[in-house]
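Colleague: Sharing a structure, written as structure tokens. Questions coming.
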Amino acid sequence: MPGMRGKNRRQILEMEKLFKEILKKITPTAEEHKKENKLVEDISKKLAKYDVKPILVGSLAKGTDIRGDKDIDIFIMFHKDVSRPELEKRGLDIGKKVFGDMKIPYEIDYAEHPYLSGAYENYKIEIVPCYDTKEVKSAVDRTPYHTHYVKKRLAKEPGLKDEIRLLKQFMKGAGVYGAEAKVEGFSGYLCELLALSYGSFTGALNAAASWKYGEAIDPEGLWKDKNALKYFFTGADLIIVDPVDKDRNAAAAVSKQRMAEYMVASREFLKKPGQEYFFQAKKKDADAKELLKRMKARGTKLIALELTHPKINPNTLYSQLRKTREAVNNSIQEQGFRVLKSDLWTDEGKTSLIIYELEVFALPNIKHRTGPPVDRAVQEQENFLKKYSKYKPYIRNGNWAADIKRENTRIEDLMQKIIEKREGFGKNLRTLKEIKAITGEEILKTGNKGLLAFMDGFVTPI
């Protein structure tokens, strides 16, 4: 079996048995595929009436889908000469008519441009407009070519379909599957590229176990100088050259956190393989009293921004929550407080929290300000002396200095000012009517099971 070097015969047989058990659980049944294909056929027939070319893309089209993962992605291809505004308008109009005919509830979602997402039984159906061109005019134009590339590779190596399914399920178990803003992990296409590049599920894990940040993979050898990739894709933690576009990093959405989690999960699985790595165990409800004990034992302070908002597209919401978290974190640090860690939680409905744990949360009434050296230009010295004259500047170690009154000595007071100013907040969050600062104790009193489960991971025992 590919990727099993270094294993003895018994280990290989045990691993093969494990993989068969996993595949039995995750491979879609013939009945499932029959139902899905019928649904795709019905939708495609309706779309074909509108002078567009419908094409099924994604894992279902490639034969790498997983049981229970019911995304049906249909792209409607427009001629390259259609204007962008017309493509967006017609794409939405056509999608609305088709979903309307089939009595499927839908909502507008957004990638580079708007598209429709509908819910039918346990299926999520997306109808996405794109251009029928190899010269990419919008980011989604590559997707049909991604599908074609993977199908062509799998036609030569059909056994890799199961290897891809195993890798996708492993990613799910590790909590790193999905390129959407909520996860910032590995897309289905990326899993396919990894399995194709390394030849198997275990090959992909063996490689990841020894990755370094800045790892560069070029599946089709499109770059003559692989070392040049890190200069072209500046600052990327993981680079995987898109086989259909040499100038695109297919792993751009993968955060450093998710990359690290996948690397560690790979190492642990290879040391001691087991089914538990493929399926996330159901966690027991978190205990608020136990969490309160942990908070007190840590000796830190928890404070959070609680935002009440209308329903916002999840990709937009998570992106703006992260932007806001970073801006608030900077404001806190600039004032002399020290953040131990921060994270965010949302019910994706009307409530979101940005949570900070602080090592330093109370400060003295004064802070030391160091001014220019006394041999610096006289005007520069006079400016400092004038600015801080009421604090009676003095010379210390050859520099002017002053002990000035601190604006904020308690983190609670600073958070109120941050809420008032909202500097650096995400666009949709900046104008909210209801944002307030709450303590860790108040978070626990909400009784929200999802939030408490999140806090169970955030407030670790010592």
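Residue numbers start at 1 in each chain; chains themselves are named A, B, ... in the order of the structure tokens; ligands are numbered from 1 in the order shown.
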Run DSSP on the backbone and grab whatever in segment 2-108 of chain A lands in strand (DSSP E); send it over as a PDB file with C-alpha atoms, in the first residue's frame.
Modeller:
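Okay, result_33.pdb is ready:
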ATOM      1  CA  LYS A  53     -24.417  25.863 -19.764  1.00  0.00           C
ATOM      2  CA  PRO A  54     -24.941  24.107 -16.409  1.00  0.00           C
ATOM      3  CA  ILE A  55     -22.093  21.980 -15.094  1.00  0.00           C
ATOM      4  CA  LEU A  56     -21.851  19.886 -11.939  1.00  0.00           C
ATOM      5  CA  VAL A  57     -18.649  20.593 -10.031  1.00  0.00           C
ATOM      6  CA  ASP A  71     -23.314  19.698  -1.088  1.00  0.00           C
ATOM      7  CA  ILE A  72     -24.513  19.878  -4.686  1.00  0.00           C
ATOM      8  CA  ASP A  73     -22.623  22.576  -6.588  1.00  0.00           C
ATOM      9  CA  ILE A  74     -23.915  23.513 -10.030  1.00  0.00           C
ATOM     10  CA  PHE A  75     -22.202  26.256 -11.992  1.00  0.00           C
ATOM     11  CA  ILE A  76     -23.970  28.063 -14.806  1.00  0.00           C
ATOM     12  CA  MET A  77     -21.486  29.171 -17.425  1.00  0.00           C
ATOM     13  CA  PHE A  78     -21.933  32.431 -19.347  1.00  0.00           C
ATOM     14  CA  TYR A 106     -32.872  29.894  -0.810  1.00  0.00           C
ATOM     15  CA  GLU A 107     -30.680  32.772   0.265  1.00  0.00           C
ATOM     16  CA  ILE A 108     -28.058  34.914  -1.436  1.00  0.00           C
TER      17      ILE A 108
END
Colleague: With only C-alpha atoms as the counted atoms, please give the residues lying no more than 8 Å from Met171 of chain A, apart from itself and same-chain residues fewer than 5 positions off, as a short mmCIF file (atom, residue, chain, number, x, y, z; two decimals) with C-alpha atoms, in the first residue's frame.
Modeller:
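Resulting contents of selection_21.cif:
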data_model
loop_
_atom_site.label_atom_id
_atom_site.label_comp_id
_atom_site.auth_asym_id
_atom_site.auth_seq_id
_atom_site.Cartn_x
_atom_site.Cartn_y
_atom_site.Cartn_z
CA VAL A 176 -9.52 21.31 9.84
CA TYR A 177 -11.81 20.55 6.89
CA PHE A 186 -8.45 22.60 3.87
CA TYR A 262 -3.30 18.86 10.65
CA PHE A 278 -11.75 10.21 11.73
#
Colleague: Could you pull out the helix (DSSP H, G or I) residues of segment 174-415 of chain A, going by DSSP on the backbone, and write them as an mmCIF file with N, CA and C atoms, in the first residue's frame?
Modeller:
data_model
loop_
_atom_site.group_PDB
_atom_site.id
_atom_site.type_symbol
_atom_site.label_atom_id
_atom_site.label_comp_id
_atom_site.auth_asym_id
_atom_site.auth_seq_id
_atom_site.Cartn_x
_atom_site.Cartn_y
_atom_site.Cartn_z
ATOM 1 N N ALA A 174 -10.162 15.930 12.492
ATOM 2 C CA ALA A 174 -9.183 16.837 13.090
ATOM 3 C C ALA A 174 -9.720 18.259 13.231
ATOM 4 N N GLY A 188 -12.107 20.748 -0.017
ATOM 5 C CA GLY A 188 -12.158 19.431 -0.638
ATOM 6 C C GLY A 188 -11.159 19.316 -1.772
ATOM 7 N N TYR A 189 -11.040 20.369 -2.564
ATOM 8 C CA TYR A 189 -10.097 20.383 -3.690
ATOM 9 C C TYR A 189 -8.666 20.234 -3.190
ATOM 10 N N LEU A 190 -8.362 20.889 -2.076
ATOM 11 C CA LEU A 190 -7.026 20.801 -1.513
ATOM 12 C C LEU A 190 -6.724 19.372 -1.034
ATOM 13 N N CYS A 191 -7.703 18.715 -0.431
ATOM 14 C CA CYS A 191 -7.532 17.312 -0.023
ATOM 15 C C CYS A 191 -7.235 16.447 -1.248
ATOM 16 N N GLU A 192 -7.944 16.729 -2.336
ATOM 17 C CA GLU A 192 -7.729 15.970 -3.568
ATOM 18 C C GLU A 192 -6.313 16.184 -4.094
ATOM 19 N N LEU A 193 -5.855 17.429 -4.076
ATOM 20 C CA LEU A 193 -4.501 17.720 -4.557
ATOM 21 C C LEU A 193 -3.433 17.032 -3.696
ATOM 22 N N LEU A 194 -3.656 17.005 -2.382
ATOM 23 C CA LEU A 194 -2.682 16.375 -1.495
ATOM 24 C C LEU A 194 -2.610 14.864 -1.743
ATOM 25 N N ALA A 195 -3.771 14.226 -1.864
ATOM 26 C CA ALA A 195 -3.787 12.778 -2.107
ATOM 27 C C ALA A 195 -3.178 12.449 -3.473
ATOM 28 N N LEU A 196 -3.493 13.284 -4.474
ATOM 29 C CA LEU A 196 -2.933 13.066 -5.813
ATOM 30 C C LEU A 196 -1.422 13.294 -5.820
ATOM 31 N N SER A 197 -0.950 14.291 -5.078
ATOM 32 C CA SER A 197 0.471 14.630 -5.054
ATOM 33 C C SER A 197 1.300 13.572 -4.340
ATOM 34 N N TYR A 198 0.761 13.066 -3.223
ATOM 35 C CA TYR A 198 1.516 12.123 -2.405
ATOM 36 C C TYR A 198 1.126 10.663 -2.636
ATOM 37 N N PHE A 201 -3.557 8.307 1.020
ATOM 38 C CA PHE A 201 -3.932 8.945 2.285
ATOM 39 C C PHE A 201 -2.735 8.969 3.239
ATOM 40 N N THR A 202 -2.104 7.823 3.438
ATOM 41 C CA THR A 202 -0.973 7.778 4.365
ATOM 42 C C THR A 202 0.231 8.552 3.824
ATOM 43 N N GLY A 203 0.343 8.629 2.498
ATOM 44 C CA GLY A 203 1.407 9.432 1.908
ATOM 45 C C GLY A 203 1.245 10.899 2.269
ATOM 46 N N ALA A 204 -0.009 11.377 2.233
ATOM 47 C CA ALA A 204 -0.298 12.774 2.590
ATOM 48 C C ALA A 204 -0.011 13.027 4.064
ATOM 49 N N LEU A 205 -0.285 12.030 4.916
ATOM 50 C CA LEU A 205 -0.032 12.187 6.349
ATOM 51 C C LEU A 205 1.460 12.145 6.650
ATOM 52 N N ASN A 206 2.164 11.225 6.016
ATOM 53 C CA ASN A 206 3.618 11.143 6.217
ATOM 54 C C ASN A 206 4.306 12.439 5.821
ATOM 55 N N ALA A 207 3.849 13.027 4.725
ATOM 56 C CA ALA A 207 4.443 14.289 4.272
ATOM 57 C C ALA A 207 4.145 15.404 5.269
ATOM 58 N N ALA A 208 2.874 15.513 5.687
ATOM 59 C CA ALA A 208 2.470 16.585 6.606
ATOM 60 C C ALA A 208 3.176 16.477 7.952
ATOM 61 N N ALA A 209 3.486 15.264 8.362
ATOM 62 C CA ALA A 209 4.139 15.055 9.655
ATOM 63 C C ALA A 209 5.494 15.760 9.744
ATOM 64 N N LYS A 226 11.440 25.812 -7.734
ATOM 65 C CA LYS A 226 10.517 25.676 -6.608
ATOM 66 C C LYS A 226 10.842 26.661 -5.486
ATOM 67 N N ASN A 227 12.100 27.012 -5.347
ATOM 68 C CA ASN A 227 12.503 27.946 -4.295
ATOM 69 C C ASN A 227 11.930 29.346 -4.514
ATOM 70 N N ALA A 228 11.576 29.642 -5.779
ATOM 71 C CA ALA A 228 11.026 30.972 -6.082
ATOM 72 C C ALA A 228 9.606 31.140 -5.555
ATOM 73 N N LEU A 229 8.949 30.026 -5.220
ATOM 74 C CA LEU A 229 7.549 30.094 -4.786
ATOM 75 C C LEU A 229 7.363 30.950 -3.538
ATOM 76 N N LYS A 230 8.291 30.823 -2.579
ATOM 77 C CA LYS A 230 8.136 31.575 -1.325
ATOM 78 C C LYS A 230 8.285 33.080 -1.538
ATOM 79 N N TYR A 231 8.947 33.471 -2.622
ATOM 80 C CA TYR A 231 9.090 34.900 -2.920
ATOM 81 C C TYR A 231 7.876 35.417 -3.693
ATOM 82 N N PHE A 232 7.261 34.535 -4.467
ATOM 83 C CA PHE A 232 6.067 34.928 -5.220
ATOM 84 C C PHE A 232 4.847 34.949 -4.307
ATOM 85 N N LYS A 256 -2.420 29.295 9.661
ATOM 86 C CA LYS A 256 -1.292 28.635 10.324
ATOM 87 C C LYS A 256 -1.788 27.678 11.398
ATOM 88 N N GLN A 257 -2.862 28.069 12.089
ATOM 89 C CA GLN A 257 -3.442 27.233 13.142
ATOM 90 C C GLN A 257 -3.922 25.900 12.590
ATOM 91 N N ARG A 258 -4.674 25.935 11.484
ATOM 92 C CA ARG A 258 -5.213 24.694 10.908
ATOM 93 C C ARG A 258 -4.098 23.831 10.310
ATOM 94 N N MET A 259 -3.122 24.475 9.714
ATOM 95 C CA MET A 259 -1.982 23.726 9.190
ATOM 96 C C MET A 259 -1.291 22.968 10.323
ATOM 97 N N ALA A 260 -1.069 23.662 11.438
ATOM 98 C CA ALA A 260 -0.404 23.047 12.588
ATOM 99 C C ALA A 260 -1.234 21.893 13.146
ATOM 100 N N GLU A 261 -2.536 22.084 13.237
ATOM 101 C CA GLU A 261 -3.407 21.040 13.778
ATOM 102 C C GLU A 261 -3.390 19.798 12.892
ATOM 103 N N TYR A 262 -3.360 19.990 11.573
ATOM 104 C CA TYR A 262 -3.296 18.858 10.649
ATOM 105 C C TYR A 262 -1.955 18.133 10.781
ATOM 106 N N MET A 263 -0.875 18.885 10.907
ATOM 107 C CA MET A 263 0.449 18.288 11.053
ATOM 108 C C MET A 263 0.516 17.407 12.306
ATOM 109 N N VAL A 264 0.016 17.929 13.410
ATOM 110 C CA VAL A 264 0.073 17.189 14.672
ATOM 111 C C VAL A 264 -0.847 15.966 14.628
ATOM 112 N N ALA A 265 -2.058 16.134 14.072
ATOM 113 C CA ALA A 265 -2.978 15.001 13.954
ATOM 114 C C ALA A 265 -2.361 13.892 13.106
ATOM 115 N N SER A 266 -1.651 14.266 12.054
ATOM 116 C CA SER A 266 -0.984 13.286 11.188
ATOM 117 C C SER A 266 0.062 12.500 11.963
ATOM 118 N N ARG A 267 0.880 13.210 12.734
ATOM 119 C CA ARG A 267 1.919 12.540 13.520
ATOM 120 C C ARG A 267 1.307 11.572 14.530
ATOM 121 N N GLU A 268 0.269 12.021 15.214
ATOM 122 C CA GLU A 268 -0.333 11.189 16.256
ATOM 123 C C GLU A 268 -0.993 9.949 15.668
ATOM 124 N N PHE A 269 -1.673 10.123 14.521
ATOM 125 C CA PHE A 269 -2.313 8.975 13.881
ATOM 126 C C PHE A 269 -1.279 7.948 13.437
ATOM 127 N N LEU A 270 -0.198 8.413 12.833
ATOM 128 C CA LEU A 270 0.827 7.500 12.334
ATOM 129 C C LEU A 270 1.499 6.727 13.470
ATOM 130 N N LYS A 271 1.568 7.337 14.663
ATOM 131 C CA LYS A 271 2.144 6.640 15.819
ATOM 132 C C LYS A 271 1.191 5.570 16.347
ATOM 133 N N GLN A 275 -9.788 4.640 14.745
ATOM 134 C CA GLN A 275 -10.986 5.260 14.162
ATOM 135 C C GLN A 275 -11.279 6.627 14.759
ATOM 136 N N GLU A 276 -10.864 6.831 16.019
ATOM 137 C CA GLU A 276 -11.187 8.082 16.708
ATOM 138 C C GLU A 276 -10.629 9.310 15.993
ATOM 139 N N TYR A 277 -9.624 9.134 15.152
ATOM 140 C CA TYR A 277 -9.058 10.268 14.421
ATOM 141 C C TYR A 277 -9.946 10.725 13.261
ATOM 142 N N ALA A 288 -20.727 24.730 34.193
ATOM 143 C CA ALA A 288 -20.435 26.139 34.467
ATOM 144 C C ALA A 288 -19.684 26.316 35.783
ATOM 145 N N LYS A 289 -20.026 25.515 36.788
ATOM 146 C CA LYS A 289 -19.346 25.631 38.094
ATOM 147 C C LYS A 289 -17.877 25.238 37.976
ATOM 148 N N GLU A 290 -17.620 24.171 37.206
ATOM 149 C CA GLU A 290 -16.241 23.733 36.994
ATOM 150 C C GLU A 290 -15.456 24.802 36.231
ATOM 151 N N LEU A 291 -16.094 25.427 35.229
ATOM 152 C CA LEU A 291 -15.433 26.476 34.460
ATOM 153 C C LEU A 291 -15.098 27.679 35.338
ATOM 154 N N LEU A 292 -15.998 28.015 36.259
ATOM 155 C CA LEU A 292 -15.767 29.138 37.168
ATOM 156 C C LEU A 292 -14.559 28.849 38.069
ATOM 157 N N LYS A 293 -14.451 27.602 38.520
ATOM 158 C CA LYS A 293 -13.298 27.208 39.344
ATOM 159 C C LYS A 293 -11.999 27.369 38.558
ATOM 160 N N ARG A 294 -12.031 26.948 37.299
ATOM 161 C CA ARG A 294 -10.839 27.074 36.454
ATOM 162 C C ARG A 294 -10.436 28.535 36.296
ATOM 163 N N MET A 295 -11.439 29.394 36.046
ATOM 164 C CA MET A 295 -11.160 30.820 35.863
ATOM 165 C C MET A 295 -10.435 31.389 37.081
ATOM 166 N N LYS A 296 -10.951 31.066 38.257
ATOM 167 C CA LYS A 296 -10.366 31.602 39.488
ATOM 168 C C LYS A 296 -8.968 31.041 39.712
ATOM 169 N N ALA A 297 -8.784 29.752 39.395
ATOM 170 C CA ALA A 297 -7.480 29.114 39.598
ATOM 171 C C ALA A 297 -6.411 29.723 38.691
ATOM 172 N N ARG A 298 -6.806 30.201 37.515
ATOM 173 C CA ARG A 298 -5.835 30.737 36.559
ATOM 174 C C ARG A 298 -5.300 32.102 36.994
ATOM 175 N N PRO A 314 -22.297 34.067 7.086
ATOM 176 C CA PRO A 314 -21.229 33.550 7.942
ATOM 177 C C PRO A 314 -19.817 33.917 7.488
ATOM 178 N N ASN A 315 -19.544 33.854 6.172
ATOM 179 C CA ASN A 315 -18.210 34.206 5.695
ATOM 180 C C ASN A 315 -17.871 35.653 6.036
ATOM 181 N N THR A 316 -18.849 36.535 5.863
ATOM 182 C CA THR A 316 -18.662 37.949 6.203
ATOM 183 C C THR A 316 -18.513 38.118 7.706
ATOM 184 N N LEU A 317 -19.373 37.428 8.459
ATOM 185 C CA LEU A 317 -19.375 37.565 9.915
ATOM 186 C C LEU A 317 -18.041 37.150 10.523
ATOM 187 N N TYR A 318 -17.560 35.961 10.188
ATOM 188 C CA TYR A 318 -16.310 35.484 10.776
ATOM 189 C C TYR A 318 -15.138 36.373 10.385
ATOM 190 N N SER A 319 -15.111 36.817 9.134
ATOM 191 C CA SER A 319 -14.042 37.688 8.676
ATOM 192 C C SER A 319 -14.023 38.994 9.473
ATOM 193 N N GLN A 320 -15.203 39.577 9.684
ATOM 194 C CA GLN A 320 -15.281 40.858 10.395
ATOM 195 C C GLN A 320 -15.055 40.701 11.898
ATOM 196 N N LEU A 321 -15.436 39.566 12.455
ATOM 197 C CA LEU A 321 -15.155 39.312 13.874
ATOM 198 C C LEU A 321 -13.648 39.206 14.095
ATOM 199 N N ARG A 322 -12.955 38.540 13.173
ATOM 200 C CA ARG A 322 -11.496 38.427 13.306
ATOM 201 C C ARG A 322 -10.822 39.788 13.162
ATOM 202 N N LYS A 323 -11.299 40.581 12.233
ATOM 203 C CA LYS A 323 -10.743 41.930 12.044
ATOM 204 C C LYS A 323 -10.938 42.752 13.317
ATOM 205 N N THR A 324 -12.132 42.665 13.886
ATOM 206 C CA THR A 324 -12.442 43.407 15.113
ATOM 207 C C THR A 324 -11.587 42.901 16.276
ATOM 208 N N ARG A 325 -11.452 41.583 16.379
ATOM 209 C CA ARG A 325 -10.646 41.008 17.466
ATOM 210 C C ARG A 325 -9.223 41.552 17.429
ATOM 211 N N GLU A 326 -8.645 41.611 16.234
ATOM 212 C CA GLU A 326 -7.265 42.094 16.096
ATOM 213 C C GLU A 326 -7.163 43.570 16.464
ATOM 214 N N ALA A 327 -8.139 44.371 16.029
ATOM 215 C CA ALA A 327 -8.113 45.812 16.320
ATOM 216 C C ALA A 327 -8.234 46.068 17.823
ATOM 217 N N VAL A 328 -9.147 45.354 18.476
ATOM 218 C CA VAL A 328 -9.337 45.523 19.927
ATOM 219 C C VAL A 328 -8.105 45.032 20.671
ATOM 220 N N ASN A 329 -7.536 43.936 20.231
ATOM 221 C CA ASN A 329 -6.320 43.403 20.850
ATOM 222 C C ASN A 329 -5.201 44.448 20.814
ATOM 223 N N ASN A 330 -5.040 45.105 19.674
ATOM 224 C CA ASN A 330 -4.014 46.140 19.544
ATOM 225 C C ASN A 330 -4.273 47.308 20.487
ATOM 226 N N SER A 331 -5.541 47.713 20.596
ATOM 227 C CA SER A 331 -5.898 48.824 21.486
ATOM 228 C C SER A 331 -5.608 48.485 22.942
ATOM 229 N N ILE A 332 -5.883 47.249 23.316
ATOM 230 C CA ILE A 332 -5.626 46.810 24.696
ATOM 231 C C ILE A 332 -4.129 46.836 24.995
ATOM 232 N N GLN A 333 -3.341 46.275 24.076
ATOM 233 C CA GLN A 333 -1.896 46.194 24.295
ATOM 234 C C GLN A 333 -1.256 47.576 24.320
ATOM 235 N N GLU A 334 -1.740 48.463 23.455
ATOM 236 C CA GLU A 334 -1.172 49.822 23.377
ATOM 237 C C GLU A 334 -1.328 50.567 24.698
ATOM 238 N N VAL A 378 17.349 71.212 20.116
ATOM 239 C CA VAL A 378 16.708 71.938 21.215
ATOM 240 C C VAL A 378 15.189 71.989 21.027
ATOM 241 N N GLN A 379 14.740 72.202 19.788
ATOM 242 C CA GLN A 379 13.305 72.309 19.539
ATOM 243 C C GLN A 379 12.565 71.019 19.916
ATOM 244 N N GLU A 380 13.189 69.874 19.623
ATOM 245 C CA GLU A 380 12.581 68.583 19.951
ATOM 246 C C GLU A 380 12.450 68.434 21.466
ATOM 247 N N GLN A 381 13.479 68.882 22.202
ATOM 248 C CA GLN A 381 13.440 68.824 23.669
ATOM 249 C C GLN A 381 12.351 69.752 24.217
ATOM 250 N N GLU A 382 12.271 70.946 23.649
ATOM 251 C CA GLU A 382 11.282 71.917 24.130
ATOM 252 C C GLU A 382 9.857 71.435 23.874
ATOM 253 N N ASN A 383 9.668 70.758 22.757
ATOM 254 C CA ASN A 383 8.331 70.217 22.470
ATOM 255 C C ASN A 383 7.913 69.216 23.545
ATOM 256 N N PHE A 384 8.851 68.334 23.948
ATOM 257 C CA PHE A 384 8.548 67.350 24.988
ATOM 258 C C PHE A 384 8.270 68.055 26.316
ATOM 259 N N LEU A 385 9.124 69.023 26.662
ATOM 260 C CA LEU A 385 8.966 69.735 27.937
ATOM 261 C C LEU A 385 7.649 70.491 28.003
ATOM 262 N N LYS A 386 7.251 71.070 26.872
ATOM 263 C CA LYS A 386 5.999 71.806 26.835
ATOM 264 C C LYS A 386 4.798 70.866 26.983
ATOM 265 N N LYS A 387 4.860 69.718 26.263
ATOM 266 C CA LYS A 387 3.747 68.770 26.264
ATOM 267 C C LYS A 387 3.492 68.215 27.663
ATOM 268 N N SER A 389 4.716 69.549 30.665
ATOM 269 C CA SER A 389 5.194 70.515 31.666
ATOM 270 C C SER A 389 4.536 70.334 33.036
ATOM 271 N N LYS A 390 3.256 69.995 33.047
ATOM 272 C CA LYS A 390 2.563 69.893 34.343
ATOM 273 C C LYS A 390 3.017 68.670 35.152
ATOM 274 N N TYR A 391 3.723 67.760 34.504
ATOM 275 C CA TYR A 391 4.207 66.569 35.217
ATOM 276 C C TYR A 391 5.658 66.714 35.674
ATOM 277 N N ILE A 411 -9.195 47.451 32.927
ATOM 278 C CA ILE A 411 -9.555 46.967 31.594
ATOM 279 C C ILE A 411 -11.021 47.240 31.287
ATOM 280 N N GLU A 412 -11.861 47.221 32.321
ATOM 281 C CA GLU A 412 -13.296 47.467 32.105
ATOM 282 C C GLU A 412 -13.538 48.867 31.549
ATOM 283 N N ASP A 413 -12.788 49.858 32.080
ATOM 284 C CA ASP A 413 -12.951 51.241 31.605
ATOM 285 C C ASP A 413 -12.475 51.376 30.159
ATOM 286 N N LEU A 414 -11.355 50.725 29.851
ATOM 287 C CA LEU A 414 -10.843 50.798 28.489
ATOM 288 C C LEU A 414 -11.817 50.163 27.495
ATOM 289 N N MET A 415 -12.409 49.041 27.864
ATOM 290 C CA MET A 415 -13.331 48.365 26.951
ATOM 291 C C MET A 415 -14.528 49.255 26.621
#
Colleague: Nearest to Leu353 of chain A: which of A:Gly100, A:Pro158, A:Gly299, A:Gly440 is it, counting only C-alpha atoms?
Modeller: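 The closest residue to Leu353 of chain A is A:Gly440.
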